[in-house]
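Dropping target_3.pdb in here (PDB, C-alpha atoms):
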MODEL        1
ATOM      1  CA  MET A   1     -39.831 -12.999 -16.918
ATOM      2  CA  LEU A   2     -38.698 -16.476 -15.871
ATOM      3  CA  GLY A   3     -39.329 -17.631 -19.436
ATOM      4  CA  GLU A   4     -37.073 -14.855 -20.674
ATOM      5  CA  ILE A   5     -34.373 -15.998 -18.266
ATOM      6  CA  ALA A   6     -34.696 -19.584 -19.462
ATOM      7  CA  SER A   7     -34.458 -18.584 -23.128
ATOM      8  CA  LEU A   8     -31.090 -16.898 -22.541
ATOM      9  CA  SER A   9     -29.722 -19.381 -20.024
ATOM     10  CA  GLY A  10     -27.683 -21.533 -22.427
ATOM     11  CA  SER A  11     -25.578 -18.743 -23.868
ATOM     12  CA  PHE A  12     -25.274 -17.086 -20.472
ATOM     13  CA  VAL A  13     -24.003 -20.267 -18.824
ATOM     14  CA  ALA A  14     -21.394 -20.449 -21.570
ATOM     15  CA  LEU A  15     -20.392 -16.881 -20.733
ATOM     16  CA  LEU A  16     -20.098 -17.763 -17.043
ATOM     17  CA  ILE A  17     -17.795 -20.671 -17.893
ATOM     18  CA  VAL A  18     -15.665 -18.366 -20.037
ATOM     19  CA  MET A  19     -15.457 -15.821 -17.198
ATOM     20  CA  PHE A  20     -14.427 -18.473 -14.680
ATOM     21  CA  VAL A  21     -11.686 -19.852 -16.931
ATOM     22  CA  LEU A  22     -10.520 -16.366 -17.906
ATOM     23  CA  THR A  23     -10.317 -15.185 -14.299
ATOM     24  CA  VAL A  24      -8.388 -18.289 -13.223
ATOM     25  CA  TYR A  25      -5.986 -17.939 -16.159
ATOM     26  CA  LEU A  26      -5.380 -14.222 -15.674
ATOM     27  CA  THR A  27      -4.958 -14.580 -11.902
ATOM     28  CA  LYS A  28      -2.316 -17.286 -12.389
ATOM     29  CA  ARG A  29      -0.494 -15.099 -14.889
ATOM     30  CA  TYR A  30      -0.793 -12.060 -12.661
ATOM     31  CA  VAL A  31       0.634 -13.874  -9.617
ATOM     32  CA  ARG A  32       3.728 -14.859 -11.606
ATOM     33  CA  TRP A  33       4.036 -11.410 -13.173
ATOM     34  CA  ALA A  34       3.637  -9.474  -9.897
ATOM     35  CA  SER A  35       5.938 -11.789  -7.953
ATOM     36  CA  GLY A  36       8.644 -11.442 -10.581
ATOM     37  CA  ARG A  37       8.480  -7.644 -10.401
ATOM     38  CA  GLY A  38       8.389  -7.302  -6.646
ATOM     39  CA  ILE A  39       4.747  -6.235  -6.450
ATOM     40  CA  THR A  40       4.309  -8.197  -3.253
ATOM     41  CA  GLY A  41       3.353  -7.862   0.369
ATOM     42  CA  VAL A  42       4.432  -9.824   3.416
ATOM     43  CA  ASP A  43       1.893 -12.257   4.849
ATOM     44  CA  HIS A  44       2.628 -11.491   8.495
ATOM     45  CA  HIS A  45       0.319 -14.197   9.775
ATOM     46  CA  LYS A  46       2.516 -17.055   8.587
ATOM     47  CA  PRO A  47       5.640 -18.172  10.523
ATOM     48  CA  GLU A  48       7.770 -18.067   7.366
ATOM     49  CA  LYS A  49       6.508 -14.566   6.399
ATOM     50  CA  PRO A  50       6.051 -15.360   2.681
ATOM     51  CA  GLU A  51       5.960 -12.666   0.002
ATOM     52  CA  VAL A  52       2.543 -12.692  -1.652
ATOM     53  CA  ALA A  53       1.549 -10.995  -4.912
ATOM     54  CA  GLU A  54      -0.312  -7.730  -4.263
ATOM     55  CA  TRP A  55      -3.009  -5.737  -6.079
ATOM     56  CA  GLY A  56      -4.553  -8.876  -7.567
ATOM     57  CA  GLY A  57      -7.895  -7.115  -7.630
ATOM     58  CA  VAL A  58      -6.894  -5.636 -10.989
ATOM     59  CA  VAL A  59      -7.810  -9.038 -12.457
ATOM     60  CA  VAL A  60     -11.276  -8.886 -10.886
ATOM     61  CA  PHE A  61     -11.618  -5.326 -12.170
ATOM     62  CA  ALA A  62     -10.541  -6.193 -15.708
ATOM     63  CA  CYS A  63     -12.696  -9.313 -15.900
ATOM     64  CA  PHE A  64     -15.771  -7.449 -14.703
ATOM     65  CA  VAL A  65     -15.230  -4.731 -17.307
ATOM     66  CA  PHE A  66     -14.996  -7.391 -20.027
ATOM     67  CA  PHE A  67     -18.046  -9.250 -18.692
ATOM     68  CA  SER A  68     -20.085  -6.050 -18.490
ATOM     69  CA  LEU A  69     -19.292  -5.061 -22.067
ATOM     70  CA  VAL A  70     -20.320  -8.514 -23.311
ATOM     71  CA  LEU A  71     -23.495  -8.334 -21.258
ATOM     72  CA  TYR A  72     -24.308  -4.866 -22.563
ATOM     73  CA  TYR A  73     -23.623  -5.379 -26.246
ATOM     74  CA  PHE A  74     -24.437  -9.051 -26.806
ATOM     75  CA  PHE A  75     -27.149  -9.724 -24.223
ATOM     76  CA  GLY A  76     -28.799  -6.319 -24.230
ATOM     77  CA  ILE A  77     -28.514  -5.911 -20.431
ATOM     78  CA  HIS A  78     -28.184  -2.123 -20.456
ATOM     79  CA  GLU A  79     -28.646  -1.855 -16.688
ATOM     80  CA  VAL A  80     -25.058  -3.041 -16.302
ATOM     81  CA  GLY A  81     -23.862   0.296 -17.705
ATOM     82  CA  PHE A  82     -24.585   2.174 -14.471
ATOM     83  CA  ILE A  83     -23.017  -0.546 -12.331
ATOM     84  CA  LEU A  84     -19.940  -0.692 -14.545
ATOM     85  CA  MET A  85     -19.532   3.085 -14.310
ATOM     86  CA  ILE A  86     -19.642   3.256 -10.508
ATOM     87  CA  THR A  87     -17.628   0.064 -10.021
ATOM     88  CA  SER A  88     -14.951   1.324 -12.409
ATOM     89  CA  LEU A  89     -14.710   4.626 -10.534
ATOM     90  CA  PHE A  90     -14.085   2.735  -7.305
ATOM     91  CA  GLY A  91     -11.630   0.450  -9.086
ATOM     92  CA  VAL A  92      -9.519   3.343 -10.364
ATOM     93  CA  TYR A  93      -9.693   4.949  -6.928
ATOM     94  CA  GLY A  94      -8.476   1.692  -5.351
ATOM     95  CA  LEU A  95      -5.600   1.334  -7.801
ATOM     96  CA  VAL A  96      -4.473   4.906  -7.168
ATOM     97  CA  ASP A  97      -4.696   4.271  -3.422
ATOM     98  CA  ASP A  98      -2.595   1.110  -3.763
ATOM     99  CA  ILE A  99       0.086   3.008  -5.660
ATOM    100  CA  SER A 100       0.133   6.311  -3.793
ATOM    101  CA  GLU A 101      -1.663   5.726  -0.446
ATOM    102  CA  MET A 102      -4.242   8.489  -0.658
ATOM    103  CA  HIS A 103      -4.962  10.650   2.385
ATOM    104  CA  HIS A 104      -8.188   9.675   4.136
ATOM    105  CA  HIS A 105      -9.634  13.159   3.517
ATOM    106  CA  HIS A 106      -9.102  12.683  -0.210
ATOM    107  CA  LYS A 107     -10.708   9.242  -0.023
ATOM    108  CA  LEU A 108     -13.773  10.766   1.601
ATOM    109  CA  LEU A 109     -14.076  13.476  -1.021
ATOM    110  CA  VAL A 110     -13.621  11.020  -3.879
ATOM    111  CA  SER A 111     -16.250   8.668  -2.451
ATOM    112  CA  VAL A 112     -18.729  11.533  -2.006
ATOM    113  CA  LEU A 113     -18.109  12.510  -5.628
ATOM    114  CA  PHE A 114     -18.853   8.961  -6.754
ATOM    115  CA  GLY A 115     -22.025   9.023  -4.685
ATOM    116  CA  LEU A 116     -23.081  12.270  -6.332
ATOM    117  CA  ILE A 117     -22.483  10.787  -9.773
ATOM    118  CA  ALA A 118     -24.618   7.776  -8.833
ATOM    119  CA  ALA A 119     -27.335   9.957  -7.311
ATOM    120  CA  LEU A 120     -27.542  12.358 -10.235
ATOM    121  CA  THR A 121     -27.761   9.395 -12.597
ATOM    122  CA  ILE A 122     -30.426   7.468 -10.668
ATOM    123  CA  GLY A 123     -31.964   9.758  -8.045
ATOM    124  CA  SER A 124     -34.659  12.379  -8.442
ATOM    125  CA  GLY A 125     -35.673  14.124  -5.195
ATOM    126  CA  LEU A 126     -33.265  15.760  -2.765
ATOM    127  CA  LEU A 127     -33.741  13.141  -0.038
ATOM    128  CA  GLU A 128     -33.107  10.326  -2.505
ATOM    129  CA  VAL A 129     -29.948  12.037  -3.743
ATOM    130  CA  VAL A 130     -28.651  12.459  -0.182
ATOM    131  CA  TRP A 131     -29.432   8.832   0.642
ATOM    132  CA  ILE A 132     -27.708   7.488  -2.476
ATOM    133  CA  VAL A 133     -24.605   9.588  -1.763
ATOM    134  CA  PHE A 134     -24.441   8.285   1.803
ATOM    135  CA  PHE A 135     -25.108   4.661   0.844
ATOM    136  CA  THR A 136     -22.561   4.696  -1.984
ATOM    137  CA  LEU A 137     -19.954   6.243   0.299
ATOM    138  CA  ALA A 138     -20.572   3.720   3.077
ATOM    139  CA  ALA A 139     -21.098   0.520   1.100
ATOM    140  CA  GLY A 140     -18.385   1.368  -1.401
ATOM    141  CA  ASN A 141     -15.692   1.623   1.278
ATOM    142  CA  ILE A 142     -16.849  -0.781   3.955
ATOM    143  CA  VAL A 143     -15.486  -3.933   2.284
ATOM    144  CA  ASN A 144     -12.038  -2.344   2.220
ATOM    145  CA  ILE A 145     -12.165  -1.764   5.974
ATOM    146  CA  PHE A 146     -13.211  -5.300   6.932
ATOM    147  CA  ALA A 147     -10.013  -7.066   5.851
ATOM    148  CA  GLY A 148      -6.734  -8.511   7.045
ATOM    149  CA  LEU A 149      -6.865 -12.311   6.839
ATOM    150  CA  ASN A 150      -6.397 -14.670   3.892
ATOM    151  CA  GLY A 151      -9.690 -14.974   2.029
ATOM    152  CA  LEU A 152     -11.660 -12.877   4.502
ATOM    153  CA  GLU A 153     -12.857  -9.878   2.525
ATOM    154  CA  MET A 154     -13.088 -11.636  -0.845
ATOM    155  CA  GLY A 155     -14.665 -14.777   0.630
ATOM    156  CA  VAL A 156     -17.351 -12.911   2.534
ATOM    157  CA  SER A 157     -17.972 -10.746  -0.542
ATOM    158  CA  THR A 158     -18.288 -13.791  -2.799
ATOM    159  CA  ILE A 159     -20.957 -15.214  -0.517
ATOM    160  CA  ALA A 160     -22.749 -11.859  -0.291
ATOM    161  CA  VAL A 161     -22.882 -11.487  -4.078
ATOM    162  CA  PHE A 162     -24.115 -15.078  -4.415
ATOM    163  CA  PHE A 163     -27.087 -14.304  -2.171
ATOM    164  CA  LEU A 164     -27.774 -11.106  -4.082
ATOM    165  CA  ALA A 165     -27.968 -13.295  -7.186
ATOM    166  CA  LEU A 166     -30.195 -15.824  -5.422
ATOM    167  CA  TYR A 167     -32.467 -13.055  -4.176
ATOM    168  CA  SER A 168     -32.652 -11.650  -7.703
ATOM    169  CA  LEU A 169     -33.688 -15.045  -9.053
ATOM    170  CA  VAL A 170     -36.278 -15.884  -6.400
ATOM    171  CA  PHE A 171     -37.854 -12.488  -5.716
ATOM    172  CA  LEU A 172     -37.110 -10.191  -8.641
ATOM    173  CA  GLY A 173     -37.454 -12.707 -11.457
ATOM    174  CA  ALA A 174     -35.662 -10.317 -13.807
ATOM    175  CA  VAL A 175     -32.839 -11.009 -16.213
ATOM    176  CA  ALA A 176     -30.670  -7.960 -15.505
ATOM    177  CA  PRO A 177     -29.997  -8.260 -11.740
ATOM    178  CA  LEU A 178     -29.610 -12.044 -11.955
ATOM    179  CA  TYR A 179     -27.145 -12.013 -14.834
ATOM    180  CA  ILE A 180     -25.086  -9.110 -13.493
ATOM    181  CA  SER A 181     -24.740 -10.570 -10.002
ATOM    182  CA  MET A 182     -24.095 -14.116 -11.227
ATOM    183  CA  GLY A 183     -21.311 -12.914 -13.488
ATOM    184  CA  PHE A 184     -19.606 -10.992 -10.712
ATOM    185  CA  PHE A 185     -20.045 -13.945  -8.352
ATOM    186  CA  VAL A 186     -18.253 -16.280 -10.786
ATOM    187  CA  ILE A 187     -15.372 -13.814 -11.155
ATOM    188  CA  LEU A 188     -15.017 -13.461  -7.381
ATOM    189  CA  PHE A 189     -15.249 -17.216  -6.844
ATOM    190  CA  ALA A 190     -12.479 -17.851  -9.376
ATOM    191  CA  PHE A 191     -10.261 -15.232  -7.742
ATOM    192  CA  LEU A 192     -10.985 -16.614  -4.262
ATOM    193  CA  ILE A 193      -9.315 -19.887  -5.261
ATOM    194  CA  PHE A 194      -6.003 -18.014  -5.156
ATOM    195  CA  ASN A 195      -6.842 -15.646  -2.306
ATOM    196  CA  SER A 196      -8.105 -18.192   0.222
ATOM    197  CA  TYR A 197      -5.787 -19.652   2.854
ATOM    198  CA  PRO A 198      -2.883 -19.884   2.185
ATOM    199  CA  ALA A 199      -3.162 -16.897  -0.145
ATOM    200  CA  ASP A 200      -1.176 -16.711  -3.366
ATOM    201  CA  VAL A 201      -2.433 -13.193  -4.027
ATOM    202  CA  PHE A 202      -3.878 -10.289  -2.081
ATOM    203  CA  PRO A 203      -6.681  -8.223  -3.680
ATOM    204  CA  GLY A 204      -5.303  -4.865  -2.598
ATOM    205  CA  ASP A 205      -7.480  -1.787  -2.281
ATOM    206  CA  VAL A 206      -8.294  -2.072  -5.973
ATOM    207  CA  GLY A 207      -9.939  -5.436  -5.310
ATOM    208  CA  THR A 208     -11.854  -4.551  -2.162
ATOM    209  CA  LEU A 209     -13.038  -1.221  -3.544
ATOM    210  CA  VAL A 210     -14.203  -2.830  -6.791
ATOM    211  CA  VAL A 211     -16.300  -5.202  -4.682
ATOM    212  CA  GLY A 212     -17.610  -2.371  -2.536
ATOM    213  CA  GLY A 213     -18.403  -0.308  -5.606
ATOM    214  CA  PHE A 214     -20.253  -3.213  -7.176
ATOM    215  CA  ILE A 215     -22.395  -3.942  -4.110
ATOM    216  CA  ALA A 216     -23.184  -0.244  -3.664
ATOM    217  CA  SER A 217     -24.119   0.361  -7.303
ATOM    218  CA  PHE A 218     -26.041  -2.920  -7.582
ATOM    219  CA  ALA A 219     -28.138  -2.021  -4.543
ATOM    220  CA  VAL A 220     -28.749   1.501  -5.844
ATOM    221  CA  ARG A 221     -29.673   0.388  -9.353
ATOM    222  CA  PHE A 222     -32.130  -2.320  -8.270
ATOM    223  CA  ASP A 223     -33.344  -0.749  -5.002
ATOM    224  CA  LEU A 224     -31.857  -3.492  -2.829
ATOM    225  CA  TYR A 225     -30.622  -1.282   0.013
ATOM    226  CA  LEU A 226     -32.051  -3.405   2.811
ATOM    227  CA  GLN A 227     -30.797  -6.664   1.302
ATOM    228  CA  ALA A 228     -27.288  -5.283   0.822
ATOM    229  CA  THR A 229     -27.280  -3.871   4.348
ATOM    230  CA  VAL A 230     -28.184  -7.267   5.833
ATOM    231  CA  LEU A 231     -25.348  -8.917   3.919
ATOM    232  CA  LEU A 232     -22.937  -6.211   5.081
ATOM    233  CA  LEU A 233     -23.829  -6.545   8.770
ATOM    234  CA  PRO A 234     -20.396  -7.995   9.748
ATOM    235  CA  HIS A 235     -18.730  -5.024   8.057
ATOM    236  CA  ILE A 236     -21.071  -2.591   9.805
ATOM    237  CA  LEU A 237     -20.417  -4.140  13.223
ATOM    238  CA  ASP A 238     -16.685  -4.010  12.548
ATOM    239  CA  CYS A 239     -16.937  -0.297  11.716
ATOM    240  CA  ILE A 240     -18.954   0.390  14.852
ATOM    241  CA  LEU A 241     -16.398  -1.371  17.038
ATOM    242  CA  LYS A 242     -13.493   0.431  15.390
ATOM    243  CA  GLY A 243     -15.181   3.799  15.419
ATOM    244  CA  SER A 244     -15.987   3.529  19.134
ATOM    245  CA  SER A 245     -12.453   2.485  20.079
ATOM    246  CA  LYS A 246     -10.246   5.093  21.642
ATOM    247  CA  GLY A 247      -7.314   6.025  19.466
ATOM    248  CA  TYR A 248      -8.364   4.008  16.439
ATOM    249  CA  PHE A 249      -7.819   6.916  14.068
ATOM    250  CA  SER A 250      -4.391   7.749  15.456
ATOM    251  CA  PRO A 251      -1.386   7.544  13.089
ATOM    252  CA  GLU A 252       0.183   4.818  15.221
ATOM    253  CA  VAL A 253      -2.767   2.491  14.854
ATOM    254  CA  LYS A 254      -3.107   3.213  11.156
ATOM    255  CA  LYS A 255       0.579   2.525  10.557
ATOM    256  CA  SER A 256       0.752  -0.701  12.552
ATOM    257  CA  GLY A 257      -2.470  -2.120  11.178
ATOM    258  CA  ASP A 258      -5.391  -3.893  12.771
ATOM    259  CA  LEU A 259      -3.497  -7.012  13.796
ATOM    260  CA  ASN A 260      -0.129  -7.642  15.376
ATOM    261  CA  GLY A 261       2.479  -8.324  12.720
ATOM    262  CA  ASP A 262       4.057 -11.420  14.214
ATOM    263  CA  GLU A 263       1.142 -13.087  15.938
ATOM    264  CA  LEU A 264      -2.534 -13.623  15.265
ATOM    265  CA  LYS A 265      -3.520 -11.738  18.381
ATOM    266  CA  PRO A 266      -5.704  -8.640  18.493
ATOM    267  CA  ARG A 267      -4.148  -5.348  19.528
ATOM    268  CA  LYS A 268      -5.169  -4.176  22.983
ATOM    269  CA  ASP A 269      -5.599  -0.476  22.250
ATOM    270  CA  PHE A 270      -8.801  -0.807  20.223
ATOM    271  CA  ARG A 271     -11.566  -3.252  19.386
ATOM    272  CA  HIS A 272     -12.630  -4.621  16.050
ATOM    273  CA  LEU A 273     -14.634  -7.610  14.902
ATOM    274  CA  ILE A 274     -11.682  -9.584  13.561
ATOM    275  CA  GLY A 275      -9.842  -9.124  16.844
ATOM    276  CA  GLU A 276     -12.842 -10.170  18.891
ATOM    277  CA  VAL A 277     -13.174 -13.385  16.873
ATOM    278  CA  LEU A 278      -9.430 -14.079  17.060
ATOM    279  CA  LYS A 279      -9.644 -13.982  20.842
ATOM    280  CA  ARG A 280     -11.813 -17.079  20.620
ATOM    281  CA  ILE A 281     -10.568 -18.602  17.354
ATOM    282  CA  PRO A 282      -6.833 -17.808  17.119
ATOM    283  CA  ASP A 283      -6.330 -19.950  14.005
ATOM    284  CA  GLU A 284      -6.453 -17.747  10.876
ATOM    285  CA  LYS A 285      -8.073 -20.307   8.579
ATOM    286  CA  LYS A 286     -10.740 -21.275  11.108
ATOM    287  CA  ALA A 287     -11.463 -17.629  11.903
ATOM    288  CA  VAL A 288     -12.009 -16.860   8.215
ATOM    289  CA  HIS A 289     -14.270 -19.900   7.839
ATOM    290  CA  PHE A 290     -16.254 -18.636  10.822
ATOM    291  CA  PHE A 291     -16.897 -15.351   9.028
ATOM    292  CA  TRP A 292     -17.856 -17.243   5.875
ATOM    293  CA  ALA A 293     -20.352 -19.273   7.910
ATOM    294  CA  VAL A 294     -21.821 -16.119   9.460
ATOM    295  CA  GLU A 295     -22.286 -14.615   5.996
ATOM    296  CA  ILE A 296     -23.998 -17.791   4.751
ATOM    297  CA  VAL A 297     -26.377 -17.668   7.718
ATOM    298  CA  LEU A 298     -27.177 -14.014   6.991
ATOM    299  CA  GLY A 299     -27.869 -14.876   3.361
ATOM    300  CA  ILE A 300     -30.156 -17.757   4.286
ATOM    301  CA  VAL A 301     -32.024 -15.583   6.811
ATOM    302  CA  LEU A 302     -32.453 -12.889   4.160
ATOM    303  CA  VAL A 303     -33.987 -15.336   1.698
ATOM    304  CA  VAL A 304     -36.195 -17.138   4.259
ATOM    305  CA  VAL A 305     -37.557 -13.936   5.784
ATOM    306  CA  SER A 306     -38.348 -12.610   2.317
ATOM    307  CA  LEU A 307     -40.435 -15.669   1.376
TER     308      LEU A 307
ENDMDL
END
Conversion result in structure tokens:
Amino acid sequence: MLGEIASLSGSFVALLIVMFVLTVYLTKRYVRWASGRGITGVDHHKPEKPEVAEWGGVVVFACFVFFSLVLYYFFGIHEVGFILMITSLFGVYGLVDDISEMHHHHKLLVSVLFGLIAALTIGSGLLEVVWIVFFTLAAGNIVNIFAGLNGLEMGVSTIAVFFLALYSLVFLGAVAPLYISMGFFVILFAFLIFNSYPADVFPGDVGTLVVGGFIASFAVRFDLYLQATVLLLPHILDCILKGSSKGYFSPEVKKSGDLNGDELKPRKDFRHLIGEVLKRIPDEKKAVHFFWAVEIVLGIVLVVVSL
């Protein structure tokens, strides 16, 4: 298997370079296009409250579709078909949510439907179908929940996908998972250049849900549930804190957001992981770097323990 990887490495590296350049180019163009048409959001965590291009995740979505088609037709990596299908479903769902702000009940139903599609495509027994539906629902949406600071969700996701690629190389030794994850990592890394502090573009729900859909479908397709769960531990802890907080699901909290608009201080009416970190690291950039460091440690632990 490693010999097969080596024999394709030259052309695949060229593809990775193309994807990096393409993502950078399209993100630059998108930032100018969105800013000129008022598709922006206010970065409340900056004193000057700058307008930042929104929904930039459409670039990540489009680049991954292009990459997947090249991988499928020119490299013969047919496993990417399933991942592209589920990721695209989440991408369309995210774009619709960005445009129309879907009701949370509709989001739940849509995510369950996506899980059923994944399960009926991959699963066999009833228990496996139920598990795939639950995992796709949870992993597909959890990246979208753990967000709010420049470069937080996309940075942590970039690191998580990198370690999925590293795990694929070291322990699976197969072309498909390595190539698929490496391609998505390069796309995310290129986008992160513009999303990291100070952000020129926000990913929007379309971006975070594309990432969530990718991680969910990648784990389902290659049976990497435990590995994905370890890399999503910060997201899981954040969900636990939010879910256990009184009044978190009230309309007031949902409308005002997780963080105070004018200051980087956590709200007092509920707990969440970002708020807990900001109590100790009130600087946005340093707080985001802290989460990046935590994700790197989780990735290293995952690889070392698996040796």
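The closest residue to Glu284 (chain A), picked from A:Thr87, A:Asn195, A:Asn150, A:Thr208 and counting only C-alpha atoms, is A:Asn150.
The protein and nucleic acid residues lying at most 12 Å from Val110 (chain A) are Ile86, Leu89, Phe90, Gly91, Val92, Tyr93, Gly94, Val96, Asp97, Met102, His103, His104, His105, His106, Lys107, Leu108, Val112, Leu113, Phe114, Gly115, Leu116, Ile117, Val133, Thr136, Leu137, Gly140 and Asn141 of chain A, with all atoms listed in the file considered and sequence neighbours fewer than 2 positions away removed.
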Go ahead and write the selection's residues with C-alpha atoms as a PDB file, in the frame of the given file.
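Okay, this is what ended up in again.pdb:
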ATOM      1  CA  ILE A  86     -19.642   3.256 -10.508  1.00  0.00           C
ATOM      2  CA  LEU A  89     -14.710   4.626 -10.534  1.00  0.00           C
ATOM      3  CA  PHE A  90     -14.085   2.735  -7.305  1.00  0.00           C
ATOM      4  CA  GLY A  91     -11.630   0.450  -9.086  1.00  0.00           C
ATOM      5  CA  VAL A  92      -9.519   3.343 -10.364  1.00  0.00           C
ATOM      6  CA  TYR A  93      -9.693   4.949  -6.928  1.00  0.00           C
ATOM      7  CA  GLY A  94      -8.476   1.692  -5.351  1.00  0.00           C
ATOM      8  CA  VAL A  96      -4.473   4.906  -7.168  1.00  0.00           C
ATOM      9  CA  ASP A  97      -4.696   4.271  -3.422  1.00  0.00           C
ATOM     10  CA  MET A 102      -4.242   8.489  -0.658  1.00  0.00           C
ATOM     11  CA  HIS A 103      -4.962  10.650   2.385  1.00  0.00           C
ATOM     12  CA  HIS A 104      -8.188   9.675   4.136  1.00  0.00           C
ATOM     13  CA  HIS A 105      -9.634  13.159   3.517  1.00  0.00           C
ATOM     14  CA  HIS A 106      -9.102  12.683  -0.210  1.00  0.00           C
ATOM     15  CA  LYS A 107     -10.708   9.242  -0.023  1.00  0.00           C
ATOM     16  CA  LEU A 108     -13.773  10.766   1.601  1.00  0.00           C
ATOM     17  CA  VAL A 112     -18.729  11.533  -2.006  1.00  0.00           C
ATOM     18  CA  LEU A 113     -18.109  12.510  -5.628  1.00  0.00           C
ATOM     19  CA  PHE A 114     -18.853   8.961  -6.754  1.00  0.00           C
ATOM     20  CA  GLY A 115     -22.025   9.023  -4.685  1.00  0.00           C
ATOM     21  CA  LEU A 116     -23.081  12.270  -6.332  1.00  0.00           C
ATOM     22  CA  ILE A 117     -22.483  10.787  -9.773  1.00  0.00           C
ATOM     23  CA  VAL A 133     -24.605   9.588  -1.763  1.00  0.00           C
ATOM     24  CA  THR A 136     -22.561   4.696  -1.984  1.00  0.00           C
ATOM     25  CA  LEU A 137     -19.954   6.243   0.299  1.00  0.00           C
ATOM     26  CA  GLY A 140     -18.385   1.368  -1.401  1.00  0.00           C
ATOM     27  CA  ASN A 141     -15.692   1.623   1.278  1.00  0.00           C
TER      28      ASN A 141
END
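Counting only C-alpha atoms and comparing A:Ala53, A:Val24, A:Val303, A:Leu95, the residue that lies closest to Leu164 (chain A) is A:Val303.
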- May I ask which of the residues A:Gly125, A:Gly56, A:Gly36, A:Gly275 is the closest one to Val206 (chain A), counting all atoms listed in the file?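 Of A:Gly125, A:Gly56, A:Gly36, A:Gly275, the one nearest Val206 (chain A) is A:Gly56, counting all atoms listed in the file.
CA of Leu71 (chain A) is found 28.2 Å from CA of Ser196 (chain A).
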- Give me the residues within 12 Å of Val297 (chain A) as an MDAnalysis selection string, counting only C-alpha atoms and dropping any in the same chain fewer than 4 places off. chainID A and resid 156 159:160 163 230:231 233:234 290:293 301:305
- Atom-to-atom span, CA of Ala219 (chain A) and CA of Met182 (chain A), Å: 14.4 Å
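Interatomic distance, CA of Phe20 (chain A) against CA of Ala287 (chain A): 26.8 Å.
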Within-12 Å shell of (-30.9, 8.1, -13.1) in input frame, only C-alpha atoms, as an mmCIF file with C-alpha atoms, in the coordinates of the input:
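As written to disk, part_28.cif reads:
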data_model
loop_
_atom_site.group_PDB
_atom_site.id
_atom_site.type_symbol
_atom_site.label_atom_id
_atom_site.label_comp_id
_atom_site.auth_asym_id
_atom_site.auth_seq_id
_atom_site.Cartn_x
_atom_site.Cartn_y
_atom_site.Cartn_z
ATOM 1 C CA GLU A 79 -28.646 -1.855 -16.688
ATOM 2 C CA GLY A 81 -23.862 0.296 -17.705
ATOM 3 C CA PHE A 82 -24.585 2.174 -14.471
ATOM 4 C CA ILE A 83 -23.017 -0.546 -12.331
ATOM 5 C CA LEU A 116 -23.081 12.270 -6.332
ATOM 6 C CA ILE A 117 -22.483 10.787 -9.773
ATOM 7 C CA ALA A 118 -24.618 7.776 -8.833
ATOM 8 C CA ALA A 119 -27.335 9.957 -7.311
ATOM 9 C CA LEU A 120 -27.542 12.358 -10.235
ATOM 10 C CA THR A 121 -27.761 9.395 -12.597
ATOM 11 C CA ILE A 122 -30.426 7.468 -10.668
ATOM 12 C CA GLY A 123 -31.964 9.758 -8.045
ATOM 13 C CA SER A 124 -34.659 12.379 -8.442
ATOM 14 C CA GLY A 125 -35.673 14.124 -5.195
ATOM 15 C CA GLU A 128 -33.107 10.326 -2.505
ATOM 16 C CA VAL A 129 -29.948 12.037 -3.743
ATOM 17 C CA ILE A 132 -27.708 7.488 -2.476
ATOM 18 C CA SER A 217 -24.119 0.361 -7.303
ATOM 19 C CA VAL A 220 -28.749 1.501 -5.844
ATOM 20 C CA ARG A 221 -29.673 0.388 -9.353
ATOM 21 C CA PHE A 222 -32.130 -2.320 -8.270
#
Contact table region 116-208 of chain A vs region 237-241 of chain A, cut-off 9 Å, shortest pair per residue, only C-alpha atoms, as CSV:
residue,atom,partner,partner_atom,distance
A:Ile142,CA,A:Cys239,CA,7.8
A:Ile145,CA,A:Cys239,CA,7.6
A:Phe146,CA,A:Asp238,CA,6.7
- Can you pull out every residue within 8 Å of Val186 (chain A), counting only C-alpha atoms, but drop anything in the same chain fewer than 3 positions away, and send it as JSON, numbers by chain? {"A": [16, 19, 20, 182, 183, 189, 190]}
As AutoDock Vina command-line options, please: the centre and edge lengths in Å, to one decimal, of an axis-aligned box enclosing every listed atom of region 88-96 of chain A with 3 Å added on each side.
--center_x -9.7 --center_y 2.7 --center_z -8.9 --size_x 16.5 --size_y 10.5 --size_z 13.1
- Message: Just checking: using only C-alpha atoms, which residue out of A:Ile180, A:Val60, A:Ala34, A:Leu22 ends up closest to Ser168 (chain A)?
- Response: A:Ile180
- Taking the file as shown, what set of residues would the PyMOL selection byres ((chain A and resi 204) around 9) give back, as a list of chain:residue names?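 The output of the PyMOL selection byres ((chain A and resi 204) around 9) on this file is A:Glu54, A:Trp55, A:Gly56, A:Gly57, A:Val58, A:Gly94, A:Leu95, A:Asp98, A:Asn144, A:Val201, A:Phe202, A:Pro203, A:Asp205, A:Val206, A:Gly207, A:Thr208, A:Leu209.
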- Message: Considering all atoms listed in the file, can you say which of A:Val21, A:Asp200, A:Ala14, A:Ser306 comes closest to Leu172 (chain A)?
- Response: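 Of A:Val21, A:Asp200, A:Ala14, A:Ser306, the one nearest Leu172 (chain A) is A:Ser306, counting all atoms listed in the file.
All residues of protein, DNA or RNA that reach within 7 Å of Thr23 (chain A), judged by only C-alpha atoms and not counting those fewer than 6 positions away in the chain, are Val59, Cys63, Ile187, Ala190 and Phe191 of chain A.
Minimum atom-to-atom distance to His235 (chain A), evaluated using only C-alpha atoms, belongs to A:Ala138 out of A:Ala216, A:Val13, A:Leu166, A:Ala138.
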- To verify the selection step, state as a list in words which residues the PyMOL selection byres ((chain A and resi 285) around 12) yields on this input.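 Expected selection for the PyMOL selection byres ((chain A and resi 285) around 12) here is His45, Lys46, Gly148, Leu149, Asn150, Gly151, Leu152, Gly155, Asn195, Ser196, Tyr197, Pro198, Ala199, Leu264, Val277, Leu278, Ile281, Pro282, Asp283, Glu284, Lys286, Ala287, Val288, His289, Phe290, Phe291 and Trp292 of chain A.
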